[in-house]
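Please read the structure below before turning to the comments.
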Amino acid sequence: MNEFELIARLTRNLPSHPSVIAGPGDDCAVLDLGLPGRYLLFKTDAVVEGVHFLPETPAEKAGHKALARCLSDIAAMAGTPHSAVITLAAPAGYATARLEGFYAGLSETARRYEVAIVGGETTTNPERFLVSVAMVGTAPRDRWVSRTGAKPGDALFVTGELGGSILGKHLDFAPRLAEAQWLAEHFPLHAMIDLSDGLAGDLRHLMQAAGVGAELLARAIPISRAARLLAREPADAHPDRPAKRSPLQAALADGEDFELLFSLPAAEAVRLSDAWRSRFPKERLSCIGRITPEPGLRLRDHRGAVTLEAHGYTHFGDAGTDAGPG
Ligand SMILES: [Mg+2]
């Protein structure tokens, strides 16, 4: 059973409440607790040493990542973060300096994004250091964005550059809060998600939530420098890293980009591209494809379109090694 099948099984029959606007299955829960003009967003996320960061990762960076992952999910709803509580579990005798470093990194990021740390819990875990962050935020009642609203004909956009986050971005990323709020304020977004499982994986989540398909243009996918660097290294250079793939394969499949993927009516695409360039001149925004009425995920290059299978990126071989500049 994979992670998503497990989640589906565990969340099959959970209690709900009339105030729950969106429950399991979106980036955050959306709750109507009577706030004037706004809904409450509620989110939890955990990082585990040896999984999301390594014992040799600087503790401050791990602390940043723990908080920023939640911030990225608040961004995916076009929300504003508010406060968080932290649960920390460490093996007995775990270095106190490392825990302090973790909290320093976490606190600095909280300060930067105006998030209050309002409580927490410390316990022991015999095996590994792990931290769980629970966060609340808010979003305007008439402007929050779910995963579920993609419509056939929508243009698909992605912020930033994709792939190779294992070379550093997964610890250093800036959650796209300002960008998401600006997008929702000025454009009729139909659906949005943050990229934690890789472009192809998270796009499938959008597709499944709306019962639609999508077609990506290989040349339009913004491939990061890190993805290109990884592709140039010898296959056995990093046994702990994913098997050697083309830069395009990395951009499609690598996790933890923490960029925004969203869809909106195609008629808005040009206005959005122009407005983005003047508002965020240093950040990339790419129109990478469209939502289709027929299900399935296709990738189009100069040779035509191929269907991407859920776990089979080898289907298009090296189609992406020359996917265009930058
Ligand atoms: Mg998410």
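Going through the structure tokens in order, the chains are called A, B, and so on, while each chain numbers its residues from 1 and the ligands are numbered from 1 in the order shown.
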List every residue of segment 34-259 of chain A that DSSP, applied to the backbone of this structure, places in strand (DSSP E), and write the result as a PDB file with C-alpha atoms, in the first residue's frame.
```
ATOM      1  CA  ARG A  38     -12.498  34.875   6.898  1.00  0.00           C
ATOM      2  CA  TYR A  39     -12.185  31.130   7.260  1.00  0.00           C
ATOM      3  CA  LEU A  40      -9.697  29.429   9.553  1.00  0.00           C
ATOM      4  CA  LEU A  41      -7.011  27.236   7.934  1.00  0.00           C
ATOM      5  CA  PHE A  42      -5.614  24.346   9.984  1.00  0.00           C
ATOM      6  CA  LYS A  43      -2.619  22.210   9.082  1.00  0.00           C
ATOM      7  CA  THR A  44      -0.159  19.734  10.579  1.00  0.00           C
ATOM      8  CA  ASP A  45       3.104  18.470   9.143  1.00  0.00           C
ATOM      9  CA  ALA A  46       6.084  16.530  10.505  1.00  0.00           C
ATOM     10  CA  VAL A  47       9.778  16.225   9.681  1.00  0.00           C
ATOM     11  CA  VAL A  48      11.893  13.240  10.735  1.00  0.00           C
ATOM     12  CA  THR A  80      -2.185  34.060   5.679  1.00  0.00           C
ATOM     13  CA  PRO A  81      -0.397  32.141   8.456  1.00  0.00           C
ATOM     14  CA  HIS A  82      -1.155  33.080  12.043  1.00  0.00           C
ATOM     15  CA  SER A  83       0.365  30.820  14.721  1.00  0.00           C
ATOM     16  CA  ALA A  84       1.810  27.391  15.376  1.00  0.00           C
ATOM     17  CA  VAL A  85       2.419  24.837  18.116  1.00  0.00           C
ATOM     18  CA  ILE A  86       5.418  22.523  18.005  1.00  0.00           C
ATOM     19  CA  THR A  87       5.727  18.898  19.132  1.00  0.00           C
ATOM     20  CA  LEU A  88       9.298  17.737  19.451  1.00  0.00           C
ATOM     21  CA  ALA A  89      10.397  14.158  20.151  1.00  0.00           C
ATOM     22  CA  ALA A  90      14.073  13.265  20.529  1.00  0.00           C
ATOM     23  CA  ALA A 116       3.527  33.326  16.567  1.00  0.00           C
ATOM     24  CA  ILE A 117       4.793  30.149  18.231  1.00  0.00           C
ATOM     25  CA  VAL A 118       2.161  29.710  20.905  1.00  0.00           C
ATOM     26  CA  GLY A 119       2.964  26.428  22.575  1.00  0.00           C
ATOM     27  CA  GLY A 120       4.157  22.918  22.180  1.00  0.00           C
ATOM     28  CA  GLU A 121       5.146  19.650  23.704  1.00  0.00           C
ATOM     29  CA  THR A 122       8.454  17.892  24.241  1.00  0.00           C
ATOM     30  CA  THR A 123       8.674  14.140  24.544  1.00  0.00           C
ATOM     31  CA  THR A 124      11.088  11.309  23.887  1.00  0.00           C
ATOM     32  CA  LEU A 130      11.199  14.250  14.879  1.00  0.00           C
ATOM     33  CA  VAL A 131       9.188  17.445  14.963  1.00  0.00           C
ATOM     34  CA  SER A 132       5.529  18.005  14.203  1.00  0.00           C
ATOM     35  CA  VAL A 133       4.197  21.501  13.509  1.00  0.00           C
ATOM     36  CA  ALA A 134       0.506  22.352  13.747  1.00  0.00           C
ATOM     37  CA  MET A 135      -0.386  25.718  12.235  1.00  0.00           C
ATOM     38  CA  VAL A 136      -3.449  27.894  11.894  1.00  0.00           C
ATOM     39  CA  GLY A 137      -3.990  30.678   9.399  1.00  0.00           C
ATOM     40  CA  THR A 138      -6.866  32.460   7.749  1.00  0.00           C
ATOM     41  CA  ALA A 139      -8.114  33.104   4.233  1.00  0.00           C
ATOM     42  CA  PRO A 140     -10.834  35.393   2.867  1.00  0.00           C
ATOM     43  CA  ALA A 155      -4.167  27.094 -18.343  1.00  0.00           C
ATOM     44  CA  LEU A 156      -1.692  25.490 -15.923  1.00  0.00           C
ATOM     45  CA  PHE A 157       0.989  27.653 -14.340  1.00  0.00           C
ATOM     46  CA  VAL A 158       3.892  26.927 -12.017  1.00  0.00           C
ATOM     47  CA  THR A 159       6.107  29.320 -10.051  1.00  0.00           C
ATOM     48  CA  ALA A 191      -7.310  25.284  -8.252  1.00  0.00           C
ATOM     49  CA  MET A 192      -3.949  25.468  -6.500  1.00  0.00           C
ATOM     50  CA  ILE A 193      -1.536  23.086  -4.742  1.00  0.00           C
ATOM     51  CA  ASP A 194       2.033  23.393  -3.492  1.00  0.00           C
ATOM     52  CA  GLY A 213      -6.824  15.302 -17.188  1.00  0.00           C
ATOM     53  CA  ALA A 214      -3.891  17.486 -18.185  1.00  0.00           C
ATOM     54  CA  GLU A 215      -1.372  17.982 -20.949  1.00  0.00           C
ATOM     55  CA  LEU A 216       2.082  19.379 -20.224  1.00  0.00           C
ATOM     56  CA  LEU A 217       4.386  20.989 -22.777  1.00  0.00           C
TER      57      LEU A 217
END
```
Practice item. Report as a ChimeraX atom specification which protein, DNA and RNA residues come within 9 Å of ligand 1, using only C-alpha atoms and all ligand atoms. Key: /A:26-28,69-70,72-76,193-197,202,258
Write the selection just made, keeping N, CA and C atoms, as a JSON list (two decimals), in the first residue's frame?
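Saved to again.json:
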```
[["chain", "number", "residue", "atom", "x", "y", "z"],
["A", 26, "ASP", "N", -7.21, 18.28, 1.15],
["A", 26, "ASP", "CA", -6.68, 19.52, 0.59],
["A", 26, "ASP", "C", -5.39, 19.87, 1.33],
["A", 27, "ASP", "N", -4.75, 20.97, 0.95],
["A", 27, "ASP", "CA", -3.48, 21.31, 1.59],
["A", 27, "ASP", "C", -3.67, 21.70, 3.05],
["A", 28, "CYS", "N", -4.81, 22.32, 3.36],
["A", 28, "CYS", "CA", -5.18, 22.64, 4.75],
["A", 28, "CYS", "C", -6.65, 22.30, 4.92],
["A", 69, "ARG", "N", 7.39, 24.15, 5.56],
["A", 69, "ARG", "CA", 6.50, 23.18, 4.90],
["A", 69, "ARG", "C", 5.04, 23.51, 5.19],
["A", 70, "CYS", "N", 4.74, 23.84, 6.45],
["A", 70, "CYS", "CA", 3.37, 24.25, 6.78],
["A", 70, "CYS", "C", 3.01, 25.56, 6.10],
["A", 72, "SER", "N", 4.04, 26.65, 3.30],
["A", 72, "SER", "CA", 3.79, 26.38, 1.88],
["A", 72, "SER", "C", 2.37, 25.86, 1.68],
["A", 73, "ASP", "N", 1.87, 25.07, 2.62],
["A", 73, "ASP", "CA", 0.49, 24.58, 2.53],
["A", 73, "ASP", "C", -0.53, 25.69, 2.77],
["A", 74, "ILE", "N", -0.21, 26.61, 3.68],
["A", 74, "ILE", "CA", -1.09, 27.79, 3.87],
["A", 74, "ILE", "C", -1.09, 28.61, 2.57],
["A", 75, "ALA", "N", 0.09, 28.75, 1.95],
["A", 75, "ALA", "CA", 0.17, 29.49, 0.68],
["A", 75, "ALA", "C", -0.70, 28.83, -0.39],
["A", 76, "ALA", "N", -0.72, 27.49, -0.42],
["A", 76, "ALA", "CA", -1.48, 26.77, -1.44],
["A", 76, "ALA", "C", -2.98, 27.05, -1.35],
["A", 193, "ILE", "N", -2.18, 24.06, -5.63],
["A", 193, "ILE", "CA", -1.54, 23.09, -4.74],
["A", 193, "ILE", "C", -0.07, 23.49, -4.65],
["A", 194, "ASP", "N", 0.59, 23.16, -3.53],
["A", 194, "ASP", "CA", 2.03, 23.39, -3.49],
["A", 194, "ASP", "C", 2.73, 22.08, -3.86],
["A", 195, "LEU", "N", 3.90, 22.20, -4.49],
["A", 195, "LEU", "CA", 4.57, 21.02, -5.01],
["A", 195, "LEU", "C", 5.46, 20.40, -3.94],
["A", 196, "SER", "N", 4.95, 19.34, -3.32],
["A", 196, "SER", "CA", 5.77, 18.60, -2.36],
["A", 196, "SER", "C", 6.12, 17.21, -2.89],
["A", 197, "ASP", "N", 5.25, 16.64, -3.72],
["A", 197, "ASP", "CA", 5.48, 15.28, -4.23],
["A", 197, "ASP", "C", 6.00, 15.25, -5.66],
["A", 202, "ASP", "N", 1.84, 15.86, -7.96],
["A", 202, "ASP", "CA", 0.88, 16.83, -7.42],
["A", 202, "ASP", "C", -0.14, 17.25, -8.47],
["A", 258, "PHE", "N", 8.33, 22.89, -3.43],
["A", 258, "PHE", "CA", 7.57, 23.89, -2.69],
["A", 258, "PHE", "C", 7.26, 25.13, -3.52]]
```
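Counting only C-alpha atoms and comparing A:Ala68, A:Ala220, A:Met207, A:Ala250, the residue that lies closest to Arg147 of chain A is A:Met207.
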**Study point:** alpha helix (DSSP H) residues, from DSSP on the backbone, in segment 135-238 of chain A, as a PyMOL selection string
**Key:** chain A and resi 169-172+177-186+199-210+225-232
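For Ala184 of chain A, the set of protein, DNA and RNA residues having any atom at most 10 Å away, when counting only C-alpha atoms and skipping those fewer than 3 positions along the same chain, is A:Met77, A:Ala78, A:Gly79, A:Pro140, A:Asp142, A:Arg143, A:Trp144, A:Val145, A:Glu179, A:Ala180, A:Gln181, A:Phe187, A:Pro188, A:Leu189, A:His190, A:Met192.
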Could you please take those selected residues and save C-alpha atoms as a CSV table (one decimal), in the first residue's frame?
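Dumped to part_17.csv:
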```csv
chain,number,residue,atom,x,y,z
A,77,MET,CA,-4.9,27.9,0.0
A,78,ALA,CA,-4.0,31.6,-0.7
A,79,GLY,CA,-4.0,32.0,3.0
A,140,PRO,CA,-10.8,35.4,2.9
A,142,ASP,CA,-14.6,34.6,-1.0
A,143,ARG,CA,-11.0,34.0,-2.1
A,144,TRP,CA,-9.5,30.8,-0.7
A,145,VAL,CA,-8.4,28.3,-3.3
A,179,GLU,CA,2.7,35.3,-4.5
A,180,ALA,CA,-0.3,33.2,-3.7
A,181,GLN,CA,-2.2,36.0,-1.9
A,187,PHE,CA,-7.0,36.5,-10.8
A,188,PRO,CA,-9.8,33.9,-10.7
A,189,LEU,CA,-7.8,30.9,-9.7
A,190,HIS,CA,-9.7,27.6,-10.1
A,192,MET,CA,-3.9,25.5,-6.5
```
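Nearest-residue note for Leu252 of chain A: choosing from A:Gln208, A:Thr148, A:Ser224, A:Ser107, the minimum distance belongs to A:Ser224, counting only C-alpha atoms.
Counting from atom CA of Leu261 of chain A, the distance to atom CA of Ser146 of chain A is 11.6 Å.
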Point to revise | Of the listed residues A:Ala200, A:Arg98, A:Gly296, A:Leu106, that which approaches Glu56 of chain A most closely, counting only C-alpha atoms | key: A:Arg98
Exercise for review: Write out as a ChimeraX atom specification the residues lying within 10 Å of Leu272 of chain A, counting only C-alpha atoms and excluding same-chain residues fewer than 6 positions away.
Suggested key: /A:157,183,186-187,264,266,285,287
**Study point:** All residues 7 Å or closer to His170 of chain A, only C-alpha atoms, same chain fewer than 3 positions away omitted, as a ChimeraX atom specification
**Key:** /A:165-166,173,256-257
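Using only C-alpha atoms, the shortest contact distance between Gly160 of chain A and any of A:Arg112, A:Arg284, A:Arg300, A:Arg277 is found at A:Arg284.
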Exercise for review: Write out as a list in words which residues come within 10 Å of Pro58 of chain A when counting only C-alpha atoms, dropping same-chain ones fewer than 5 positions away.
Suggested key: Phe53, Gly63, Arg98, Gly101, Phe102, Gly105 and Leu171 of chain A
Review point. Atom CA of Val270 of chain A and atom CA of Pro247 of chain A, how far apart in Å?
Key: 27.2 Å
Point to revise | Point-to-point distance from atom CA of Gly255 of chain A to atom CA of Val20 of chain A, Å rounded to tenths | key: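 Atom CA of Gly255 of chain A sits 29.3 Å away from atom CA of Val20 of chain A.
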Review point. Using only C-alpha atoms, which residue out of A:Ile288, A:Lys65, A:Arg111, A:Ala269 lies closest to Gly168 of chain A?
Key: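 Of A:Ile288, A:Lys65, A:Arg111, A:Ala269, the one nearest Gly168 of chain A is A:Lys65, counting only C-alpha atoms.
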Check your understanding: Which of these residues is nearest to Leu177 of chain A, using only C-alpha atoms: A:Leu71, A:Leu99, A:Gly164, A:Gly201?
Key ->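 Selected residue with least distance to Leu177 of chain A: A:Leu71.
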